[in-house]
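**Student:** Supplied in structure tokens, the structure appears directly below.
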Amino acid sequence: NKMPSILITGSNRGIGLELVRQYLAQGWQVYATARHPKTATELQQLAQNNPEQLNISQFDVTNAEQRHALMTKLKGIPLDVLINNAGVYGQNNASFGNTDEDKWLETLRINTIAPMKIMEAFAENITLGEKKVIASISSKMGSMDDNSSGGSYVYRSSKAALNAVMVSAARDLKSAGITTVILHPGWVRTDMGGSSGEITAQQSVE
Ligand code: NDP
């Protein structure tokens with residue numbers, strides 16, 4: 001009869017914030033993380049309205065110290081689901097001839113390496129949970145097959161590598177009973193997706 005529980009990264013806006021909203025509405029215990037919780041006003045408002053159900057932690061997903069602090073805070077707590085949602089589009093104008101190594105590496109740290117480190121950090125909590133699901137929000141733009149337009153070297157490669165990471169984790173964690181999934185959220189009207197996106201965050205999360 002216990003509430004199912006979920007850990008969501010990048011929860012202050014966009015798809016992450018909407019994930020928090022809908023899991024709260026479904027009665028889940030939500031552990032939400034954000035880089036700057038103090039200025040995450042909508043998330044804070046949700047916490048005020050659902051003090052028992054929503055817990056907020058500061059977590060820049062590339063910050064190992066903050067990751068360790070979150071591990072300590074959640075030690076021994078069962079998590080049913082982990083969603084790696086935090087992500088960036090990265091260098092905006094990475095056309096052929098204009099790619100920037102440092103910006104590329106920064107995007108890989110956020111979109112690819114951080115989800116791996118977070119899986120490694122919280123797999124134990126997931127094994128204690130009932131549903132045992134680890135999901136990463138990837139993108140159709142990481143697909144080889146879907147790449148007809150070219151460009152977006154940085155973002156595409158970060159999500160393609162994320163997909164490879166998730167497939168290996170699916171194999172490695174199968175014996176622990178963990179289900180590992182990659183999700184494409186659709187083209188969503190968020191800061192990243194822009195105003196021409198095809199669906200709202202609410203529709204995407206539903
Ligand atoms: P937004 O730009 O609206 O939100 C991105 C979120 O990620 C913010 O909460 C942001 O926090 C957080 N974030 C970025 N960098 C870090 C970091 N280093 N540490 C912690 N949090 C971080 O994007 P969306 O909501 O649209 O995107 C969510 C996910 O969906 C991403 O992984 C994206 O790649 C993916 N996606 C989105 C699509 C779309 O059409 N919108 C399509 C396909 C995939 P902060 O406010 O502090 O920057």
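All residue names refer to the structure tokens as shown: chains lettered A, B, ... in order, residues numbered from 1 in each chain, ligands numbered from 1 in order.
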With segment 29-35 of chain A as the partner and 10 Å as the cut-off, tabulate the residues of segment 48-103 of chain A that qualify, each row holding the nearest pair of atoms and their distance in Å to one decimal, using only C-alpha atoms, sorted by chain and rising number, as CSV.
**Tutor:**
```
residue,atom,partner,partner_atom,distance
A:Asn50,CA,A:Gln29,CA,9.8
A:Glu52,CA,A:Gln29,CA,8.0
A:Gln53,CA,A:Gln29,CA,4.8
A:Leu54,CA,A:Val30,CA,4.9
A:Asn55,CA,A:Tyr31,CA,4.9
A:Ile56,CA,A:Ala32,CA,4.9
A:Ser57,CA,A:Thr33,CA,4.8
A:Gln58,CA,A:Ala34,CA,5.3
A:Phe59,CA,A:Arg35,CA,4.9
A:Asp60,CA,A:Arg35,CA,4.5
A:Val61,CA,A:Arg35,CA,7.7
A:Thr62,CA,A:Arg35,CA,9.8
A:Asn63,CA,A:Arg35,CA,9.6
A:Gln66,CA,A:Arg35,CA,9.7
A:Leu70,CA,A:Thr33,CA,9.3
A:Leu74,CA,A:Tyr31,CA,9.3
A:Leu79,CA,A:Gln29,CA,9.2
A:Asp80,CA,A:Gln29,CA,9.7
A:Val81,CA,A:Val30,CA,9.8
A:Leu82,CA,A:Tyr31,CA,9.4
A:Ile83,CA,A:Ala32,CA,10.0
A:Ala86,CA,A:Ala34,CA,8.7
```
**Student:** May I have a table of the residues of chain A lying at most 6 Å from ligand 1, giving each one's closest pair of atoms and their distance in Å to one decimal, counting only C-alpha atoms and all ligand atoms, ordered by chain and ascending residue number, as CSV?
**Tutor:**
```
residue,atom,partner,partner_atom_place_in_ligand_line,distance
A:Gly10,CA,ligand 1,9 (O),3.6
A:Ser11,CA,ligand 1,9 (O),5.0
A:Asn12,CA,ligand 1,9 (O),4.7
A:Arg13,CA,ligand 1,9 (O),4.8
A:Gly14,CA,ligand 1,25 (O),3.5
A:Ile15,CA,ligand 1,25 (O),3.8
A:Gly16,CA,ligand 1,25 (O),5.7
A:Ala34,CA,ligand 1,21 (N),5.6
A:Arg35,CA,ligand 1,47 (O),4.7
A:His36,CA,ligand 1,47 (O),5.8
A:Phe59,CA,ligand 1,20 (C),5.9
A:Asp60,CA,ligand 1,19 (N),3.4
A:Val61,CA,ligand 1,19 (N),3.9
A:Thr62,CA,ligand 1,18 (N),5.3
A:Asn85,CA,ligand 1,32 (O),4.7
A:Ala86,CA,ligand 1,7 (O),3.5
A:Gly87,CA,ligand 1,32 (O),3.7
A:Val88,CA,ligand 1,14 (C),5.2
A:Ile110,CA,ligand 1,18 (N),5.4
A:Ile137,CA,ligand 1,32 (O),5.1
A:Ser138,CA,ligand 1,44 (C),5.4
A:Ser139,CA,ligand 1,43 (C),4.1
A:His184,CA,ligand 1,43 (C),5.6
A:Pro185,CA,ligand 1,43 (C),5.4
A:Gly186,CA,ligand 1,42 (C),5.5
A:Trp187,CA,ligand 1,40 (O),3.5
A:Val188,CA,ligand 1,40 (O),3.7
A:Arg189,CA,ligand 1,41 (N),5.9
A:Thr190,CA,ligand 1,3 (O),4.6
A:Asp191,CA,ligand 1,3 (O),4.3
A:Met192,CA,ligand 1,2 (O),4.0
A:Gly193,CA,ligand 1,41 (N),3.6
```
**Student:** If DSSP is run on the backbone, what residues of segment 88-188 of chain A are helix (DSSP H, G or I)? A reply as number ranges by chain would be ideal.
**Tutor:** A: 101-128, 140-142, 153-176
**Student:** Would you pick out the contacts of segment 140-150 of chain A at 8 Å or less, using only C-alpha atoms, so that residues sharing its chain but fewer than 3 positions from it are not included, and give the list as a ChimeraX atom specification?
**Tutor:** /A:153,155-161,163,184
**Student:** Please produce a file of those selected residues containing N, CA and C atoms, as a PDB file, in the first residue's frame.
**Tutor:**
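The resulting out39.pdb:
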```pdb
ATOM      1  N   TYR A 153      25.433  18.032 -34.992  1.00  0.00           N
ATOM      2  CA  TYR A 153      26.440  17.021 -34.642  1.00  0.00           C
ATOM      3  C   TYR A 153      26.505  16.761 -33.144  1.00  0.00           C
ATOM      4  N   TYR A 155      24.286  17.533 -30.530  1.00  0.00           N
ATOM      5  CA  TYR A 155      23.095  16.951 -29.892  1.00  0.00           C
ATOM      6  C   TYR A 155      22.851  15.527 -30.370  1.00  0.00           C
ATOM      7  N   ARG A 156      22.924  15.326 -31.691  1.00  0.00           N
ATOM      8  CA  ARG A 156      22.680  13.980 -32.229  1.00  0.00           C
ATOM      9  C   ARG A 156      23.635  12.959 -31.637  1.00  0.00           C
ATOM     10  N   SER A 157      24.928  13.305 -31.583  1.00  0.00           N
ATOM     11  CA  SER A 157      25.912  12.337 -31.088  1.00  0.00           C
ATOM     12  C   SER A 157      25.722  12.081 -29.598  1.00  0.00           C
ATOM     13  N   SER A 158      25.295  13.117 -28.846  1.00  0.00           N
ATOM     14  CA  SER A 158      25.111  12.916 -27.401  1.00  0.00           C
ATOM     15  C   SER A 158      23.953  11.965 -27.123  1.00  0.00           C
ATOM     16  N   LYS A 159      22.893  12.063 -27.934  1.00  0.00           N
ATOM     17  CA  LYS A 159      21.726  11.189 -27.712  1.00  0.00           C
ATOM     18  C   LYS A 159      21.960   9.795 -28.299  1.00  0.00           C
ATOM     19  N   ALA A 160      22.707   9.709 -29.417  1.00  0.00           N
ATOM     20  CA  ALA A 160      23.053   8.393 -29.967  1.00  0.00           C
ATOM     21  C   ALA A 160      23.898   7.620 -28.959  1.00  0.00           C
ATOM     22  N   ALA A 161      24.847   8.316 -28.333  1.00  0.00           N
ATOM     23  CA  ALA A 161      25.691   7.670 -27.323  1.00  0.00           C
ATOM     24  C   ALA A 161      24.870   7.307 -26.089  1.00  0.00           C
ATOM     25  N   ASN A 163      21.803   6.402 -26.156  1.00  0.00           N
ATOM     26  CA  ASN A 163      21.078   5.178 -26.524  1.00  0.00           C
ATOM     27  C   ASN A 163      21.967   3.951 -26.340  1.00  0.00           C
ATOM     28  N   HIS A 184      11.521   8.779 -26.588  1.00  0.00           N
ATOM     29  CA  HIS A 184      11.474  10.011 -27.374  1.00  0.00           C
ATOM     30  C   HIS A 184      10.181  10.721 -26.994  1.00  0.00           C
TER      31      HIS A 184
END
```
**Student:** Pick from A:Ala164, A:Leu46, A:Lys2, A:Ser196: nearest to Val20 of chain A, with only C-alpha atoms counted?
**Tutor:**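 Nearest candidate to Val20 of chain A out of A:Ala164, A:Leu46, A:Lys2, A:Ser196: A:Leu46.
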**Student:** As a list in words, please: every residue in segment 24-198 of chain A that a backbone DSSP assignment puts in strand (DSSP E or B).
**Tutor:** Gln29, Val30, Tyr31, Ala32, Thr33, Ala34, Leu54, Asn55, Ile56, Ser57, Gln58, Val81, Leu82, Ile83, Asn84, Val133, Ile134, Ala135, Ser136, Ile137, Thr179, Thr180, Val181, Ile182, Leu183 and Val188 of chain A
**Student:** If we count only C-alpha atoms, what is near segment 122-127 of chain A at a cut-off of 9 Å, once residues fewer than 3 positions away on the same chain are taken out, given as a list in words?
**Tutor:** Met71, Leu74, Lys75, Gly76, Ile77, Pro78, Leu79, Asp80, Val81, Leu82, Lys117, Ile118, Met119, Glu130, Lys131, Lys132, Val133, Ile134, Leu173, Ala176, Gly177 and Ile178 of chain A
**Student:** Produce a file of the selected residues containing N, CA and C atoms, as a PDB file, in the first residue's frame.
**Tutor:**
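Ended up saving to selection_6.pdb:
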```pdb
ATOM      1  N   MET A  71      22.946  10.657  -3.089  1.00  0.00           N
ATOM      2  CA  MET A  71      23.035   9.225  -2.747  1.00  0.00           C
ATOM      3  C   MET A  71      22.918   9.018  -1.246  1.00  0.00           C
ATOM      4  N   LEU A  74      19.359   9.595  -0.093  1.00  0.00           N
ATOM      5  CA  LEU A  74      18.376   8.574  -0.499  1.00  0.00           C
ATOM      6  C   LEU A  74      18.786   7.154  -0.103  1.00  0.00           C
ATOM      7  N   LYS A  75      19.889   7.023   0.604  1.00  0.00           N
ATOM      8  CA  LYS A  75      20.402   5.688   0.933  1.00  0.00           C
ATOM      9  C   LYS A  75      19.333   4.816   1.604  1.00  0.00           C
ATOM     10  N   GLY A  76      19.126   3.624   1.055  1.00  0.00           N
ATOM     11  CA  GLY A  76      18.171   2.684   1.645  1.00  0.00           C
ATOM     12  C   GLY A  76      16.725   2.945   1.282  1.00  0.00           C
ATOM     13  N   ILE A  77      16.457   4.029   0.551  1.00  0.00           N
ATOM     14  CA  ILE A  77      15.079   4.351   0.163  1.00  0.00           C
ATOM     15  C   ILE A  77      14.763   3.668  -1.170  1.00  0.00           C
ATOM     16  N   PRO A  78      13.697   2.854  -1.215  1.00  0.00           N
ATOM     17  CA  PRO A  78      13.354   2.208  -2.483  1.00  0.00           C
ATOM     18  C   PRO A  78      12.856   3.231  -3.508  1.00  0.00           C
ATOM     19  N   LEU A  79      13.331   3.088  -4.731  1.00  0.00           N
ATOM     20  CA  LEU A  79      12.831   3.911  -5.838  1.00  0.00           C
ATOM     21  C   LEU A  79      12.236   2.980  -6.879  1.00  0.00           C
ATOM     22  N   ASP A  80      10.987   3.227  -7.256  1.00  0.00           N
ATOM     23  CA  ASP A  80      10.376   2.402  -8.298  1.00  0.00           C
ATOM     24  C   ASP A  80      10.885   2.771  -9.683  1.00  0.00           C
ATOM     25  N   VAL A  81      11.022   4.076  -9.907  1.00  0.00           N
ATOM     26  CA  VAL A  81      11.390   4.557 -11.242  1.00  0.00           C
ATOM     27  C   VAL A  81      12.422   5.681 -11.128  1.00  0.00           C
ATOM     28  N   LEU A  82      13.394   5.666 -12.030  1.00  0.00           N
ATOM     29  CA  LEU A  82      14.332   6.786 -12.206  1.00  0.00           C
ATOM     30  C   LEU A  82      14.125   7.315 -13.615  1.00  0.00           C
ATOM     31  N   LYS A 117      26.237   7.984 -14.859  1.00  0.00           N
ATOM     32  CA  LYS A 117      26.663   8.096 -13.458  1.00  0.00           C
ATOM     33  C   LYS A 117      25.450   8.034 -12.520  1.00  0.00           C
ATOM     34  N   ILE A 118      24.324   8.582 -12.974  1.00  0.00           N
ATOM     35  CA  ILE A 118      23.115   8.587 -12.136  1.00  0.00           C
ATOM     36  C   ILE A 118      22.541   7.170 -12.038  1.00  0.00           C
ATOM     37  N   MET A 119      22.581   6.430 -13.145  1.00  0.00           N
ATOM     38  CA  MET A 119      22.150   5.020 -13.088  1.00  0.00           C
ATOM     39  C   MET A 119      23.011   4.234 -12.124  1.00  0.00           C
ATOM     40  N   GLU A 130       9.762  -1.696  -6.320  1.00  0.00           N
ATOM     41  CA  GLU A 130       8.969  -2.792  -6.886  1.00  0.00           C
ATOM     42  C   GLU A 130       8.993  -2.806  -8.402  1.00  0.00           C
ATOM     43  N   LYS A 131       8.818  -1.633  -9.012  1.00  0.00           N
ATOM     44  CA  LYS A 131       8.695  -1.607 -10.469  1.00  0.00           C
ATOM     45  C   LYS A 131      10.039  -1.768 -11.178  1.00  0.00           C
ATOM     46  N   LYS A 132      11.082  -1.248 -10.571  1.00  0.00           N
ATOM     47  CA  LYS A 132      12.449  -1.423 -11.107  1.00  0.00           C
ATOM     48  C   LYS A 132      12.601  -0.948 -12.555  1.00  0.00           C
ATOM     49  N   VAL A 133      12.354   0.352 -12.762  1.00  0.00           N
ATOM     50  CA  VAL A 133      12.459   0.921 -14.112  1.00  0.00           C
ATOM     51  C   VAL A 133      13.450   2.088 -14.120  1.00  0.00           C
ATOM     52  N   ILE A 134      14.365   2.059 -15.075  1.00  0.00           N
ATOM     53  CA  ILE A 134      15.239   3.207 -15.320  1.00  0.00           C
ATOM     54  C   ILE A 134      14.986   3.701 -16.738  1.00  0.00           C
ATOM     55  N   LEU A 173      21.740  -4.968 -16.472  1.00  0.00           N
ATOM     56  CA  LEU A 173      20.862  -4.896 -15.295  1.00  0.00           C
ATOM     57  C   LEU A 173      19.692  -5.868 -15.371  1.00  0.00           C
ATOM     58  N   ALA A 176      19.274  -8.230 -12.571  1.00  0.00           N
ATOM     59  CA  ALA A 176      18.793  -7.610 -11.329  1.00  0.00           C
ATOM     60  C   ALA A 176      17.295  -7.303 -11.420  1.00  0.00           C
ATOM     61  N   GLY A 177      16.677  -7.677 -12.550  1.00  0.00           N
ATOM     62  CA  GLY A 177      15.240  -7.457 -12.711  1.00  0.00           C
ATOM     63  C   GLY A 177      14.876  -6.036 -13.100  1.00  0.00           C
ATOM     64  N   ILE A 178      15.884  -5.265 -13.534  1.00  0.00           N
ATOM     65  CA  ILE A 178      15.644  -3.862 -13.868  1.00  0.00           C
ATOM     66  C   ILE A 178      15.312  -3.714 -15.352  1.00  0.00           C
TER      67      ILE A 178
END
```
